[in-house]
file entry_18.cif (mmCIF, C-alpha atoms)
data_query
#
loop_
_atom_site.label_atom_id
_atom_site.label_comp_id
_atom_site.auth_asym_id
_atom_site.auth_seq_id
_atom_site.Cartn_x
_atom_site.Cartn_y
_atom_site.Cartn_z
CA MET A 29 36.83 50.41 228.97
CA VAL A 30 39.71 52.09 227.17
CA ASP A 31 40.30 55.72 226.24
CA ILE A 32 42.00 57.71 223.50
CA LEU A 33 43.99 60.59 225.03
CA HIS A 34 45.69 63.54 223.36
CA ARG A 35 47.09 66.97 224.16
CA VAL A 36 47.94 69.98 222.02
CA GLY A 37 48.96 73.53 222.86
CA ILE A 38 47.63 76.41 220.79
CA ALA A 39 49.86 79.48 220.57
CA ASP A 40 48.65 83.03 221.12
CA THR A 41 45.08 81.86 221.66
CA ALA A 42 42.70 82.28 224.60
CA PRO A 43 40.68 79.33 225.93
CA GLU A 44 37.52 81.23 224.99
CA ALA A 45 38.54 81.20 221.32
CA VAL A 46 39.20 77.46 221.42
CA HIS A 47 35.84 76.94 223.10
CA GLU A 48 34.18 78.88 220.27
CA ALA A 49 35.82 76.59 217.70
CA LEU A 50 34.26 73.64 219.57
CA THR A 51 30.78 75.11 220.04
CA THR A 52 29.86 76.88 216.81
CA ILE A 53 29.02 75.33 213.44
CA ASP A 54 31.52 77.60 211.68
CA GLY A 55 34.24 76.71 214.16
CA LEU A 56 33.63 72.96 213.98
CA ALA A 57 33.41 73.06 210.18
CA GLY A 58 36.81 74.76 210.15
CA TRP A 59 38.77 71.87 211.62
CA TRP A 60 36.77 68.58 211.70
CA THR A 61 34.40 68.37 208.76
CA THR A 62 32.95 71.00 206.48
CA ASP A 63 29.68 69.00 206.60
CA THR A 64 28.67 69.98 210.15
CA THR A 65 25.07 70.85 211.02
CA GLY A 66 22.78 70.92 214.05
CA ASP A 67 22.67 72.59 217.45
CA PRO A 68 26.06 72.91 219.19
CA THR A 69 24.65 74.22 222.50
CA PRO A 70 24.09 72.12 225.67
CA GLY A 71 21.29 69.60 225.12
CA GLY A 72 21.53 69.98 221.33
CA THR A 73 22.80 67.41 218.83
CA ILE A 74 25.46 68.06 216.21
CA ALA A 75 25.66 65.99 212.99
CA PHE A 76 29.21 65.52 211.69
CA ARG A 77 29.37 63.90 208.25
CA PHE A 78 32.34 62.51 206.30
CA PRO A 79 32.50 60.74 202.93
CA PRO A 80 32.29 57.27 204.60
CA GLY A 81 29.63 58.18 207.20
CA GLY A 82 29.51 60.24 210.35
CA PHE A 83 28.67 60.82 213.98
CA ASP A 84 25.83 62.48 215.89
CA MET A 85 27.01 64.08 219.13
CA LYS A 86 24.79 65.27 221.96
CA VAL A 87 26.29 68.20 223.83
CA LEU A 88 26.34 67.12 227.48
CA SER A 89 28.06 70.21 228.87
CA SER A 90 29.84 73.36 227.76
CA GLN A 91 31.58 76.04 229.83
CA PRO A 92 33.13 78.95 227.89
CA GLY A 93 36.92 78.89 228.20
CA GLU A 94 36.85 75.68 230.22
CA GLU A 95 35.31 72.57 228.72
CA VAL A 96 32.98 70.85 226.28
CA THR A 97 31.66 67.28 226.58
CA TRP A 98 29.82 65.32 223.91
CA GLU A 99 28.14 61.92 223.94
CA VAL A 100 28.03 59.90 220.73
CA VAL A 101 24.35 59.10 220.08
CA ASP A 102 24.70 57.77 216.51
CA GLY A 103 27.51 56.52 214.31
CA PRO A 104 29.69 53.38 214.13
CA PRO A 105 28.64 50.81 216.79
CA GLU A 106 32.01 51.11 218.56
CA TRP A 107 31.41 54.85 219.07
CA ILE A 108 27.84 54.82 220.37
CA GLY A 109 27.71 55.68 224.07
CA THR A 110 31.32 56.85 224.20
CA THR A 111 32.09 60.41 225.30
CA VAL A 112 34.38 63.03 223.83
CA GLU A 113 35.80 65.44 226.39
CA TRP A 114 37.64 68.70 225.75
CA ARG A 115 39.34 70.39 228.73
CA LEU A 116 40.93 73.82 228.21
CA ARG A 117 43.62 75.49 230.32
CA ARG A 118 45.37 78.84 229.95
CA ASP A 119 49.21 78.52 229.91
CA ASP A 120 50.71 82.01 229.56
CA GLY A 121 49.33 83.18 226.21
CA TRP A 122 48.71 79.60 225.03
CA THR A 123 45.75 77.33 225.50
CA THR A 124 46.44 73.71 226.41
CA VAL A 125 43.77 71.30 225.15
CA LEU A 126 43.37 68.00 227.00
CA PHE A 127 41.32 65.63 224.87
CA ALA A 128 39.77 62.29 225.81
CA HIS A 129 37.54 59.96 223.79
CA ARG A 130 36.41 57.70 226.61
CA GLY A 131 34.53 54.47 227.01
CA TRP A 132 35.60 52.22 224.14
CA ALA A 133 34.51 48.67 225.05
CA GLU A 134 37.61 47.05 223.50
CA PRO A 135 40.94 48.23 222.03
CA VAL A 136 39.91 47.15 218.52
CA GLU A 137 41.91 48.02 215.40
CA PHE A 138 39.38 50.75 214.57
CA MET A 139 40.32 52.41 217.88
CA HIS A 140 43.98 52.47 216.81
CA HIS A 141 42.85 54.20 213.61
CA CYS A 142 40.64 56.73 215.39
CA SER A 143 43.42 57.57 217.86
CA THR A 144 45.79 58.57 215.06
CA LYS A 145 43.03 60.34 213.15
CA TRP A 146 42.01 62.37 216.25
CA ALA A 147 45.63 63.54 216.52
CA THR A 148 45.49 64.90 212.98
CA PHE A 149 42.21 66.70 213.70
CA LEU A 150 43.61 68.22 216.92
CA LEU A 151 46.50 69.55 214.84
CA SER A 152 43.88 70.85 212.39
CA LEU A 153 42.16 72.68 215.29
CA LYS A 154 45.55 74.10 216.35
CA SER A 155 46.25 75.24 212.81
CA LEU A 156 42.81 76.83 212.42
CA LEU A 157 43.35 78.95 215.52
CA GLU A 158 47.01 79.78 214.88
CA THR A 159 46.83 80.46 211.15
CA GLY A 160 43.12 80.79 210.28
CA LYS A 161 43.21 77.59 208.21
CA GLY A 162 42.46 74.05 209.39
CA SER A 163 42.29 70.77 207.48
CA PRO A 164 38.69 69.59 207.90
CA SER A 165 37.26 66.67 205.92
CA PRO A 166 37.26 66.34 202.91
CA HIS A 167 40.63 68.11 203.02
CA ASP A 168 41.89 66.05 205.97
CA VAL A 169 45.18 64.20 206.36
CA HIS A 170 44.86 60.61 205.13
CA ILE A 171 46.65 58.18 207.38
CA ALA A 172 45.74 54.67 206.32
CA TYR A 173 44.65 52.18 203.72
CA PRO A 174 41.87 52.54 202.60
CA ASP A 175 41.21 55.80 204.56
CA MET B 25 47.79 49.91 233.03
CA VAL B 26 46.85 52.03 230.03
CA ASP B 27 48.10 51.97 226.46
CA ILE B 28 48.67 54.40 223.60
CA LEU B 29 47.39 52.89 220.33
CA HIS B 30 47.83 54.10 216.75
CA ARG B 31 47.55 52.85 213.18
CA VAL B 32 48.90 54.12 209.89
CA GLY B 33 48.96 52.69 206.39
CA ILE B 34 52.02 53.16 204.21
CA ALA B 35 51.41 53.21 200.47
CA ASP B 36 53.42 51.21 197.95
CA THR B 37 55.67 49.82 200.66
CA ALA B 38 56.42 46.24 201.71
CA PRO B 39 56.41 45.23 205.40
CA GLU B 40 60.10 44.35 205.04
CA ALA B 41 60.91 47.98 204.17
CA VAL B 42 58.98 49.26 207.20
CA HIS B 43 60.77 46.72 209.37
CA GLU B 44 64.12 48.04 208.08
CA ALA B 45 63.12 51.59 209.05
CA LEU B 46 62.49 50.28 212.59
CA THR B 47 65.63 48.17 212.93
CA THR B 48 68.50 50.16 211.40
CA ILE B 49 70.15 53.28 212.76
CA ASP B 50 69.73 55.06 209.41
CA GLY B 51 66.05 54.13 209.26
CA LEU B 52 65.27 55.20 212.83
CA ALA B 53 67.23 58.45 212.38
CA GLY B 54 65.08 59.18 209.33
CA TRP B 55 61.77 59.45 211.17
CA TRP B 56 62.19 59.66 214.98
CA THR B 57 65.39 61.48 215.90
CA THR B 58 68.55 62.17 213.96
CA ASP B 59 70.45 61.49 217.24
CA THR B 60 70.01 57.70 217.25
CA THR B 61 72.87 55.36 218.22
CA GLY B 62 73.36 51.84 219.55
CA ASP B 63 72.52 48.31 218.54
CA PRO B 64 69.08 47.87 216.93
CA THR B 65 69.20 44.06 216.79
CA PRO B 66 67.47 41.70 219.28
CA GLY B 67 69.10 41.96 222.71
CA GLY B 68 70.74 45.26 221.82
CA THR B 69 69.93 48.70 223.21
CA ILE B 70 69.19 51.78 221.12
CA ALA B 71 69.73 55.31 222.48
CA PHE B 72 67.27 57.88 221.11
CA ARG B 73 68.13 61.47 222.07
CA PHE B 74 66.08 64.68 221.72
CA PRO B 75 66.87 68.24 222.80
CA PRO B 76 65.04 67.74 226.17
CA GLY B 77 66.34 64.20 226.89
CA GLY B 78 65.74 60.78 225.49
CA PHE B 79 64.99 57.10 225.78
CA ASP B 80 67.01 53.88 225.83
CA MET B 81 65.15 50.97 224.27
CA LYS B 82 66.12 47.32 224.57
CA VAL B 83 65.10 45.30 221.51
CA LEU B 84 63.01 42.43 222.89
CA SER B 85 62.10 40.88 219.54
CA SER B 86 62.26 41.53 215.82
CA GLN B 87 60.86 39.52 212.91
CA PRO B 88 61.53 40.92 209.41
CA GLY B 89 58.28 42.01 207.78
CA GLU B 90 56.27 41.18 210.89
CA GLU B 91 57.07 42.89 214.15
CA VAL B 92 59.47 44.74 216.44
CA THR B 93 59.13 45.09 220.22
CA TRP B 94 61.15 47.38 222.48
CA GLU B 95 61.28 47.77 226.25
CA VAL B 96 62.11 51.17 227.69
CA VAL B 97 65.12 50.67 229.98
CA ASP B 98 65.98 54.35 230.60
CA GLY B 99 64.21 57.69 230.14
CA PRO B 100 61.42 59.58 231.91
CA PRO B 101 60.16 57.63 234.96
CA GLU B 102 56.70 57.19 233.38
CA TRP B 103 58.29 55.39 230.41
CA ILE B 104 60.62 52.98 232.21
CA GLY B 105 59.34 49.40 231.96
CA THR B 106 56.75 50.22 229.29
CA THR B 107 56.91 48.45 225.94
CA VAL B 108 56.63 49.78 222.40
CA GLU B 109 55.18 47.30 219.93
CA TRP B 110 55.15 47.54 216.16
CA ARG B 111 53.04 45.00 214.25
CA LEU B 112 53.20 44.98 210.43
CA ARG B 113 50.64 43.61 207.97
CA ARG B 114 50.59 43.52 204.18
CA ASP B 115 47.36 45.02 202.72
CA ASP B 116 47.55 44.81 198.91
CA GLY B 117 50.61 46.91 198.11
CA TRP B 118 50.38 48.82 201.40
CA THR B 119 51.75 48.05 204.82
CA THR B 120 49.48 48.61 207.81
CA VAL B 121 51.35 49.46 211.00
CA LEU B 122 49.66 48.70 214.31
CA PHE B 123 51.44 50.56 217.09
CA ALA B 124 51.08 50.19 220.85
CA HIS B 125 52.98 51.87 223.68
CA ARG B 126 51.81 49.66 226.53
CA GLY B 127 52.02 49.62 230.28
CA TRP B 128 51.62 53.23 231.44
CA ALA B 129 50.84 53.10 235.16
CA GLU B 130 48.44 56.06 235.01
CA PRO B 131 46.81 58.19 232.27
CA VAL B 132 48.87 61.23 233.28
CA GLU B 133 48.95 64.45 231.25
CA PHE B 134 52.37 63.45 229.89
CA MET B 135 50.70 60.37 228.39
CA HIS B 136 48.22 62.62 226.53
CA HIS B 137 51.21 64.50 225.15
CA CYS B 138 53.12 61.37 224.13
CA SER B 139 50.03 59.95 222.42
CA THR B 140 49.71 62.95 220.12
CA LYS B 141 53.47 63.11 219.59
CA TRP B 142 53.63 59.41 218.62
CA ALA B 143 50.97 60.11 215.96
CA THR B 144 53.19 62.78 214.42
CA PHE B 145 56.18 60.41 214.42
CA LEU B 146 54.13 57.62 212.82
CA LEU B 147 53.19 60.08 210.07
CA SER B 148 56.90 60.91 209.83
CA LEU B 149 57.65 57.19 209.33
CA LYS B 150 54.91 57.03 206.68
CA SER B 151 56.35 60.06 204.92
CA LEU B 152 59.91 58.69 205.04
CA LEU B 153 58.82 55.50 203.29
CA GLU B 154 56.43 57.12 200.82
CA THR B 155 58.51 60.16 199.86
CA GLY B 156 62.04 59.50 201.15
CA LYS B 157 61.76 62.32 203.68
CA GLY B 158 60.58 62.09 207.30
CA SER B 159 60.40 64.71 210.05
CA PRO B 160 62.71 63.40 212.76
CA SER B 161 63.74 65.52 215.75
CA PRO B 162 64.98 68.27 215.71
CA HIS B 163 62.81 68.85 212.63
CA ASP B 164 59.71 67.33 214.23
CA VAL B 165 56.19 68.72 214.39
CA HIS B 166 55.72 70.77 217.56
CA ILE B 167 52.38 70.15 219.18
CA ALA B 168 52.32 71.84 222.55
CA TYR B 169 53.53 74.50 224.93
CA PRO B 170 56.42 74.35 225.75
CA ASP B 171 57.24 71.40 223.44
#
call {"tool": "encode", "arguments": {"input": "entry_18.cif", "output": "structure tokens"}}
result
Amino acid sequence: MVDILHRVGIADTAPEAVHEALTTIDGLAGWWTTDTTGDPTPGGTIAFRFPPGGFDMKVLSSQPGEEVTWEVVDGPPEWIGTTVEWRLRRDDGWTTVLFAHRGWAEPVEFMHHCSTKWATFLLSLKSLLETGKGSPSPHDVHIAYPD
Amino acid sequence: MVDILHRVGIADTAPEAVHEALTTIDGLAGWWTTDTTGDPTPGGTIAFRFPPGGFDMKVLSSQPGEEVTWEVVDGPPEWIGTTVEWRLRRDDGWTTVLFAHRGWAEPVEFMHHCSTKWATFLLSLKSLLETGKGSPSPHDVHIAYPD
């Protein structure tokens, strides 16, 4: 099993505000994809849709200001059964976000792509909280051919 | 051992041009750090310097249009002995870059940081080749506190 790992720091933002951007439809639609629907509370399932397809995430756990964990229950075969973990930590007035997309069976080329793409969406989350404006799909940063 | 993996696609660019940006001082200074010196040919050592420190990379192999591999011979303890691999592939008029920073002993928090930071530098490489302008240090994208 292999994991995608990332970290960003969000200036002048409390962990509770980051948690809200990860656990509300408006928040999620502000940085990942505008086409976000479903139930973002523990036990619920969130449907994230993009022009080429999407992911359904079951919310395994959520602690305000501390963490959110999702399990991928539908989407590309490589994603199903993997988990997406968000860990939040207060650093002075900043919030540090430790991100992990765990449980890939193999380090396939699609994993390389998703690793880079997750980085752009974490920077979109950072931008949403620091400036009020993220870059969710379909306004996301394109990184590859034919992405 | 754990690896950082990324992929970007560079539009309207031949693999040979990407290889040049990875194997010349001017190219490397255009996307990673303006403070780049040394010998970027096989067997040589390149010194990359940033405001907080830097890395010395020995060039293990280099094939025009195909690949470049470095070994970290000096820098932060977590980096020493790791390898940085660049694999290039022609996709129509694009070049796909498969990147791997291999051999981290542990998935420490610093690895999370470097994973995200590598993504921003790969996008800087993409921008350099597509537009003529990258974002090398000290003009790089800041992602964290206190980065």
call {"tool": "resolve_selection", "arguments": {"input": "entry_18.cif", "expression": "the PyMOL selection byres ((chain A) within 12 of (chain B))", "output": "NGL selection string"}}
result
:A and (29-41 or 115 or 117-130 or 134-155 or 158 or 169-175)
call {"tool": "atom_distance", "arguments": {"input": "entry_18.cif", "atom1": "atom CA of Gly109 of chain A", "atom2": "atom CA of Thr52 of chain A"}}
result
22.5 Å
call {"tool": "calpha_fit_and_write", "arguments": {"input": "entry_18.cif", "fixed": "chain B", "moving": "chain A", "output": "short mmCIF file (atom, residue, chain, number, x, y, z; two decimals) with C-alpha atoms, in the frame of the given file"}}
result
data_model
loop_
_atom_site.label_atom_id
_atom_site.label_comp_id
_atom_site.auth_asym_id
_atom_site.auth_seq_id
_atom_site.Cartn_x
_atom_site.Cartn_y
_atom_site.Cartn_z
CA MET A 29 47.78 49.93 233.04
CA VAL A 30 46.86 52.05 230.04
CA ASP A 31 48.10 51.98 226.46
CA ILE A 32 48.67 54.41 223.60
CA LEU A 33 47.39 52.90 220.34
CA HIS A 34 47.82 54.09 216.76
CA ARG A 35 47.55 52.84 213.19
CA VAL A 36 48.90 54.13 209.90
CA GLY A 37 48.97 52.68 206.40
CA ILE A 38 52.02 53.15 204.21
CA ALA A 39 51.41 53.22 200.46
CA ASP A 40 53.42 51.22 197.94
CA THR A 41 55.66 49.82 200.66
CA ALA A 42 56.42 46.24 201.72
CA PRO A 43 56.40 45.24 205.40
CA GLU A 44 60.09 44.36 205.05
CA ALA A 45 60.91 47.98 204.18
CA VAL A 46 58.99 49.26 207.19
CA HIS A 47 60.78 46.73 209.38
CA GLU A 48 64.11 48.04 208.08
CA ALA A 49 63.12 51.59 209.06
CA LEU A 50 62.49 50.28 212.59
CA THR A 51 65.64 48.17 212.93
CA THR A 52 68.49 50.15 211.40
CA ILE A 53 70.15 53.30 212.75
CA ASP A 54 69.73 55.06 209.41
CA GLY A 55 66.06 54.12 209.25
CA LEU A 56 65.29 55.19 212.82
CA ALA A 57 67.24 58.44 212.38
CA GLY A 58 65.09 59.17 209.33
CA TRP A 59 61.78 59.45 211.16
CA TRP A 60 62.20 59.66 214.99
CA THR A 61 65.39 61.47 215.90
CA THR A 62 68.55 62.16 213.97
CA ASP A 63 70.45 61.49 217.23
CA THR A 64 70.01 57.70 217.25
CA THR A 65 72.86 55.37 218.22
CA GLY A 66 73.38 51.86 219.56
CA ASP A 67 72.52 48.31 218.53
CA PRO A 68 69.08 47.89 216.92
CA THR A 69 69.20 44.07 216.79
CA PRO A 70 67.46 41.70 219.28
CA GLY A 71 69.09 41.95 222.71
CA GLY A 72 70.75 45.27 221.82
CA THR A 73 69.93 48.71 223.21
CA ILE A 74 69.19 51.78 221.12
CA ALA A 75 69.74 55.32 222.47
CA PHE A 76 67.27 57.88 221.12
CA ARG A 77 68.12 61.47 222.07
CA PHE A 78 66.09 64.68 221.72
CA PRO A 79 66.85 68.25 222.81
CA PRO A 80 65.02 67.75 226.17
CA GLY A 81 66.33 64.22 226.88
CA GLY A 82 65.74 60.77 225.49
CA PHE A 83 64.98 57.09 225.79
CA ASP A 84 67.03 53.88 225.84
CA MET A 85 65.17 50.96 224.27
CA LYS A 86 66.12 47.30 224.57
CA VAL A 87 65.10 45.30 221.52
CA LEU A 88 63.01 42.43 222.88
CA SER A 89 62.09 40.88 219.54
CA SER A 90 62.27 41.54 215.82
CA GLN A 91 60.87 39.53 212.90
CA PRO A 92 61.53 40.92 209.40
CA GLY A 93 58.28 42.02 207.77
CA GLU A 94 56.27 41.18 210.87
CA GLU A 95 57.09 42.90 214.14
CA VAL A 96 59.48 44.74 216.43
CA THR A 97 59.14 45.08 220.22
CA TRP A 98 61.15 47.37 222.47
CA GLU A 99 61.29 47.77 226.24
CA VAL A 100 62.11 51.18 227.69
CA VAL A 101 65.12 50.68 229.99
CA ASP A 102 65.98 54.36 230.58
CA GLY A 103 64.24 57.69 230.15
CA PRO A 104 61.41 59.58 231.91
CA PRO A 105 60.14 57.63 234.97
CA GLU A 106 56.69 57.19 233.39
CA TRP A 107 58.29 55.39 230.42
CA ILE A 108 60.60 52.97 232.22
CA GLY A 109 59.34 49.39 231.96
CA THR A 110 56.76 50.22 229.30
CA THR A 111 56.91 48.45 225.94
CA VAL A 112 56.65 49.77 222.41
CA GLU A 113 55.19 47.29 219.94
CA TRP A 114 55.15 47.53 216.15
CA ARG A 115 53.02 44.99 214.24
CA LEU A 116 53.19 44.98 210.42
CA ARG A 117 50.63 43.58 207.98
CA ARG A 118 50.58 43.52 204.18
CA ASP A 119 47.35 45.03 202.71
CA ASP A 120 47.54 44.82 198.91
CA GLY A 121 50.60 46.93 198.11
CA TRP A 122 50.36 48.83 201.41
CA THR A 123 51.75 48.04 204.81
CA THR A 124 49.47 48.58 207.80
CA VAL A 125 51.36 49.47 211.00
CA LEU A 126 49.66 48.69 214.31
CA PHE A 127 51.45 50.55 217.08
CA ALA A 128 51.09 50.18 220.85
CA HIS A 129 52.99 51.87 223.68
CA ARG A 130 51.82 49.66 226.52
CA GLY A 131 52.01 49.61 230.27
CA TRP A 132 51.63 53.21 231.43
CA ALA A 133 50.83 53.09 235.17
CA GLU A 134 48.43 56.06 235.01
CA PRO A 135 46.80 58.20 232.28
CA VAL A 136 48.85 61.25 233.29
CA GLU A 137 48.95 64.46 231.24
CA PHE A 138 52.37 63.46 229.88
CA MET A 139 50.69 60.37 228.38
CA HIS A 140 48.22 62.61 226.54
CA HIS A 141 51.21 64.51 225.15
CA CYS A 142 53.11 61.38 224.13
CA SER A 143 50.03 59.94 222.41
CA THR A 144 49.73 62.96 220.12
CA LYS A 145 53.48 63.12 219.59
CA TRP A 146 53.63 59.40 218.63
CA ALA A 147 50.98 60.11 215.98
CA THR A 148 53.19 62.77 214.42
CA PHE A 149 56.18 60.41 214.41
CA LEU A 150 54.12 57.61 212.81
CA LEU A 151 53.19 60.08 210.08
CA SER A 152 56.90 60.91 209.83
CA LEU A 153 57.64 57.18 209.34
CA LYS A 154 54.91 57.03 206.67
CA SER A 155 56.35 60.06 204.93
CA LEU A 156 59.91 58.69 205.04
CA LEU A 157 58.82 55.50 203.29
CA GLU A 158 56.42 57.13 200.82
CA THR A 159 58.51 60.15 199.86
CA GLY A 160 62.05 59.49 201.15
CA LYS A 161 61.77 62.32 203.69
CA GLY A 162 60.57 62.08 207.30
CA SER A 163 60.40 64.70 210.05
CA PRO A 164 62.72 63.40 212.77
CA SER A 165 63.74 65.52 215.77
CA PRO A 166 64.99 68.27 215.70
CA HIS A 167 62.83 68.85 212.62
CA ASP A 168 59.72 67.32 214.22
CA VAL A 169 56.19 68.72 214.40
CA HIS A 170 55.73 70.77 217.57
CA ILE A 171 52.37 70.17 219.17
CA ALA A 172 52.34 71.84 222.55
CA TYR A 173 53.51 74.50 224.94
CA PRO A 174 56.42 74.38 225.75
CA ASP A 175 57.24 71.43 223.41
#
call {"tool": "resolve_selection", "arguments": {"input": "entry_18.cif", "expression": "the PyMOL selection byres ((chain B and resi 85) around 12)", "output": "PyMOL selection string"}}
result
chain B and resi 43+46-47+64-69+81-84+86-88+90-95+107-111
call {"tool": "resolve_selection", "arguments": {"input": "entry_18.cif", "expression": "the PyMOL selection byres ((chain B and resi 104) around 10)", "output": "list in words"}}
result
Phe79, Asp80, Met81, Glu95, Val96, Val97, Asp98, Gly99, Pro100, Pro101, Glu102, Trp103, Gly105, Thr106, Thr107, Gly127 and Trp128 of chain B
call {"tool": "residues_around", "arguments": {"input": "entry_18.cif", "residues": "Gly58 of chain A", "least_positions_apart": "4", "cutoff": "9 Å", "atoms": "all atoms listed in the file", "output": "list in words"}}
result
Ala49, Ile53, Asp54, Thr62, Ser152, Leu153, Leu156, Gly160, Lys161, Gly162, Ser163 and Pro164 of chain A
call {"tool": "atom_distance", "arguments": {"input": "entry_18.cif", "atom1": "atom CA of Ala129 of chain B", "atom2": "atom CA of Thr60 of chain B"}}
result
26.6 Å
call {"tool": "atom_distance", "arguments": {"input": "entry_18.cif", "atom1": "atom CA of His167 of chain A", "atom2": "atom CA of Arg77 of chain A"}}
result
13.1 Å
call {"tool": "axis_aligned_box", "arguments": {"input": "entry_18.cif", "around": "segment 73-82 of chain B", "padding_each_side": "5 Å", "output": "AutoDock Vina command-line options"}}
result
--center_x 66.6 --center_y 57.8 --center_z 224.3 --size_x 13.1 --size_y 30.9 --size_z 15.2
call {"tool": "decode", "arguments": {"input": "entry_18.cif", "residues": "segment 50-66 of chain A", "atoms": "C-alpha atoms", "output": "JSON list (two decimals), in the first residue's frame"}}
result
[["chain", "number", "residue", "atom", "x", "y", "z"],
["A", 50, "LEU", "CA", -14.10, 20.32, 4.79],
["A", 51, "THR", "CA", -17.50, 19.51, 6.28],
["A", 52, "THR", "CA", -20.04, 21.78, 4.60],
["A", 53, "ILE", "CA", -21.31, 21.64, 1.02],
["A", 54, "ASP", "CA", -20.58, 25.35, 0.53],
["A", 55, "GLY", "CA", -17.07, 24.95, 1.90],
["A", 56, "LEU", "CA", -16.24, 21.90, -0.22],
["A", 57, "ALA", "CA", -17.74, 23.50, -3.33],
["A", 58, "GLY", "CA", -15.45, 26.48, -2.74],
["A", 59, "TRP", "CA", -12.17, 24.63, -3.23],
["A", 60, "TRP", "CA", -12.64, 21.12, -4.75],
["A", 61, "THR", "CA", -15.59, 21.06, -7.12],
["A", 62, "THR", "CA", -18.59, 23.31, -7.50],
["A", 63, "ASP", "CA", -20.63, 20.13, -8.17],
["A", 64, "THR", "CA", -20.69, 18.84, -4.58],
["A", 65, "THR", "CA", -23.84, 17.34, -3.06],
["A", 66, "GLY", "CA", -24.83, 14.96, -0.28]]
